[in-house]
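K.L.:
Handing you this structure, nothing more for now.
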Amino acid sequence: MLESLRQFAHVRLRTPGFFMLAGLTLFFCAIFSWAFTFAELAAELVTGIAVGLSMALLLVPSRRSGIVLMYGLALSIPFCHFAMVIVGDQGIQWQHLFGSFLIFHLIVRILFGGKLRLAPATGWILAFVAATLISTFAFIDEPAEHVTEFAKSEIQYLYGVLLFFSISNINPKSKELIWFLKAMLIMSALVALFGIYQLPARFFGWPGGVVRLNNPSLSGEFQAHTALKDLTRAASIFSEPGYFGRFLVGSLALSLPIALHRPKFFGSPFLIWLIITIQAGGLIISSSMGAWYILANLTVVMFLVERVVEKVKLLTWLGIVSIFGIAILISIELVSGFPIIMTVTERIHGIIQYFKGDMSQLIAGESLVQRIETGKIALDVWKENPVIGVGVGSYTLISYRYGEYNPFGFAANSLVNTLAETGLVGLIALLGLSFSSLRGLWKIFSRTTIVNPEENPGIRELADLAFLARPFFYLLAVEVIYFHLGGFLMRPEVWFYFGIAGLIPLLYRRKIIEIKLNENKQL
């Protein structure tokens, strides 16, 4: 092995591509080091590991390296609002770190002769990037700060696009993707358990209760004043329940179709239903209205897609979860004395009255109303330039002209934010990307009927890919649903999910070609 590595290094380290990539790596390492200037020793060690891993990837541009990094990125998603730097006010998020490594990995493969495979939705992604570039014409007469905000936003979008290509160009086997899915589910159960544990930990003063979080990514702090009240508003390591709840809804999007179609995924049906119960328990305790709303949307999608037998099972599960959830909330209320059910009921009532035109029943600081109001302003901003928008990154700079107080930093809704900043051109490209990605997965699991896959390893792998297409279809559906509620299109996990939606059809198509070639050889 050492001899092979020596020969590889002897040939590869003298190519122009290596020097280009080494320079790029050192540049990013310098950025990492600068970000950790005010951090403690632990963060400096992480920086050193990042440098070492980056250099190692230069020497090993293999398929397995990409799979390891894909695991790292997926398992870091629950911590997307928990930066590596806890003490200071700056930090590199785990997602961005692993995403950068994946982009390095893609560049290495291309520089060393690898081919770039294009997923079905690539055309829509390029159209979206073109829309962001065209939007620059909208702020030619605006102050220079618009150019700065455009550059920052465009870099984030291009980072996401490169991450999409990095994921869709990994070459895992179906068995490796199966284990990848298992790792995601196990991680979700552990995160849910940690969130659930906060209930007794904070109430009884047990070790491990999260009392204070400094979250650089949200520029705010979470302080636990009264244990159970703050638990219901921020379970676990997240700054608010929306992040915790949305992650668990995405995890349920993976686990529910597995329980319906491959219940022995973990060897016993009991284990997958245990994971679902833990996920649902964490979701209920989070008291995230937005996450509950997304779950309701997900179940509607599943009712439209699944057969009658699966619909009956899903309906039974919803009934049990509803009873289970009410029992949990009543138990919390009895033990703590905090009127959680009344609080949730009053909030729902206030939102209903708001839509009827009565704002007197709203709870102070209701996030839904803030999102609706900033969305209305975004539509007014869009009317300034309906075709190409007002320019990427310009919404926050322009919205103040309409007297808006925007606490989110963007329109708190990916659809109207995209419409305001990139116009109809960008919104159509985003919708095209979303629906073409969903369609690519849906075509695989809805049209694939495989009998006795155990008889042929190639057929068995095809069956696994068809199975994998279903849970990732629902996971991507959750992300697309979240766009109209407050999703942030620049987040790395969004492009990760799109990348998976492009990867599975590519692997499926390649496997079909291999099977046909083998059949022709036998003839």
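Residues in the structure tokens are numbered from 1 in each chain, the chains being A, B, ... in the order shown, and ligands are numbered from 1 in the order shown.
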Any idea what's packed within 9 Å of region 470-475 of chain A, counting only C-alpha atoms, ignoring anything in its chain fewer than 4 positions away? Could you give it as a PyMOL selection string?

P.N.:
chain A and resi 249-258+298+301-302+437-442+444-446+466+479-480+497+500-501

K.L.:
If you count only C-alpha atoms, which residues fall within 9 Å of Asn297 (chain A), apart from same-chain ones fewer than 5 positions away, as a list of chain:residue names?

P.N.:
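Counting only C-alpha atoms, the residues come to A:Trp292, A:Met302, A:Val478, A:Ile481.
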
K.L.:
Here is a test: counting only C-alpha atoms, which residue of A:Ile294, A:Ala151, A:Ile513, A:Met289 is nearest to Phe483 (chain A)?

P.N.:
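With only C-alpha atoms as the atom set, the closest residue is A:Ile294.
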
K.L.:
Please provide as a PDB file with all heavy atoms, in the first residue's frame all residues within 8 Å of Thr299 (chain A), with the sequence filter that same-chain residues fewer than 4 positions apart are discarded (counting only C-alpha atoms).

P.N.:
```pdb
ATOM      1  N   LEU A 295     -45.144  18.394   8.934  1.00  0.00           N
ATOM      2  CA  LEU A 295     -45.518  16.992   9.047  1.00  0.00           C
ATOM      3  C   LEU A 295     -46.900  16.745   8.451  1.00  0.00           C
ATOM      4  O   LEU A 295     -47.120  15.732   7.778  1.00  0.00           O
ATOM      5  CB  LEU A 295     -45.494  16.559  10.515  1.00  0.00           C
ATOM      6  CG  LEU A 295     -45.911  15.108  10.789  1.00  0.00           C
ATOM      7  CD1 LEU A 295     -44.938  14.140  10.109  1.00  0.00           C
ATOM      8  CD2 LEU A 295     -45.973  14.828  12.290  1.00  0.00           C
ATOM      9  N   PHE A 303     -50.198  10.360   1.415  1.00  0.00           N
ATOM     10  CA  PHE A 303     -51.516   9.851   1.077  1.00  0.00           C
ATOM     11  C   PHE A 303     -51.758   9.905  -0.430  1.00  0.00           C
ATOM     12  O   PHE A 303     -52.444   9.057  -0.997  1.00  0.00           O
ATOM     13  CB  PHE A 303     -52.597  10.660   1.807  1.00  0.00           C
ATOM     14  CG  PHE A 303     -53.000  10.067   3.123  1.00  0.00           C
ATOM     15  CD1 PHE A 303     -52.380  10.468   4.294  1.00  0.00           C
ATOM     16  CD2 PHE A 303     -53.978   9.091   3.192  1.00  0.00           C
ATOM     17  CE1 PHE A 303     -52.737   9.926   5.514  1.00  0.00           C
ATOM     18  CE2 PHE A 303     -54.347   8.534   4.409  1.00  0.00           C
ATOM     19  CZ  PHE A 303     -53.729   8.948   5.575  1.00  0.00           C
ATOM     20  N   LEU A 314     -50.660   4.337   7.607  1.00  0.00           N
ATOM     21  CA  LEU A 314     -50.253   5.701   7.930  1.00  0.00           C
ATOM     22  C   LEU A 314     -51.326   6.405   8.760  1.00  0.00           C
ATOM     23  O   LEU A 314     -51.015   7.121   9.721  1.00  0.00           O
ATOM     24  CB  LEU A 314     -49.983   6.479   6.643  1.00  0.00           C
ATOM     25  CG  LEU A 314     -49.430   7.902   6.791  1.00  0.00           C
ATOM     26  CD1 LEU A 314     -48.082   7.870   7.503  1.00  0.00           C
ATOM     27  CD2 LEU A 314     -49.295   8.562   5.427  1.00  0.00           C
TER      28      LEU A 314
END
```

K.L.:
How many Å lie between CA of His96 (chain A) and CA of Ala291 (chain A), rounded to one decimal?

P.N.:
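CA of His96 (chain A) sits 24.0 Å away from CA of Ala291 (chain A).
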
K.L.:
Interatomic distance between CA of Ala144 (chain A) and CA of Gly486 (chain A)?

P.N.:
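Between CA of Ala144 (chain A) and CA of Gly486 (chain A) the gap works out to 28.2 Å.
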
K.L.:
Can you build me a table of region 401-501 of chain A residues sitting at most 9 Å from region 124-133 of chain A, with the closest atom pair per residue and its distance in Å to one decimal, using only C-alpha atoms, sorted by chain and residue number, as CSV?

P.N.:
```
residue,atom,partner,partner_atom,distance
A:Glu421,CA,A:Thr132,CA,8.0
A:Thr422,CA,A:Thr132,CA,5.9
A:Gly423,CA,A:Ala131,CA,8.2
A:Val425,CA,A:Ala131,CA,6.0
A:Gly426,CA,A:Ala131,CA,5.1
A:Leu427,CA,A:Phe128,CA,8.1
A:Ile428,CA,A:Phe128,CA,8.3
A:Ala429,CA,A:Phe128,CA,5.1
A:Leu430,CA,A:Phe128,CA,6.4
A:Leu431,CA,A:Trp124,CA,8.7
A:Gly432,CA,A:Trp124,CA,6.0
A:Leu433,CA,A:Trp124,CA,5.1
A:Ser434,CA,A:Trp124,CA,8.9
A:Ser436,CA,A:Trp124,CA,8.3
```

K.L.:
Write down as a PyMOL selection string the residues belonging to region 233-359 of chain A that are assigned alpha helix (DSSP H) by DSSP computed on the backbone.

P.N.:
chain A and resi 233+241-261+269-286+289-305+308-336+340-355

K.L.:
Would you mind listing what lies within 10 Å of Lys175 (chain A) as a VMD selection string, with only C-alpha atoms counted and same-chain residues fewer than 6 positions away left out?

P.N.:
chain A and resid 181 460 to 461 464 to 465

K.L.:
To one decimal place in Å, what is the distance between CA of Ile167 (chain A) and CA of Phe496 (chain A)?

P.N.:
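Distance between the two atoms: 6.7 Å.
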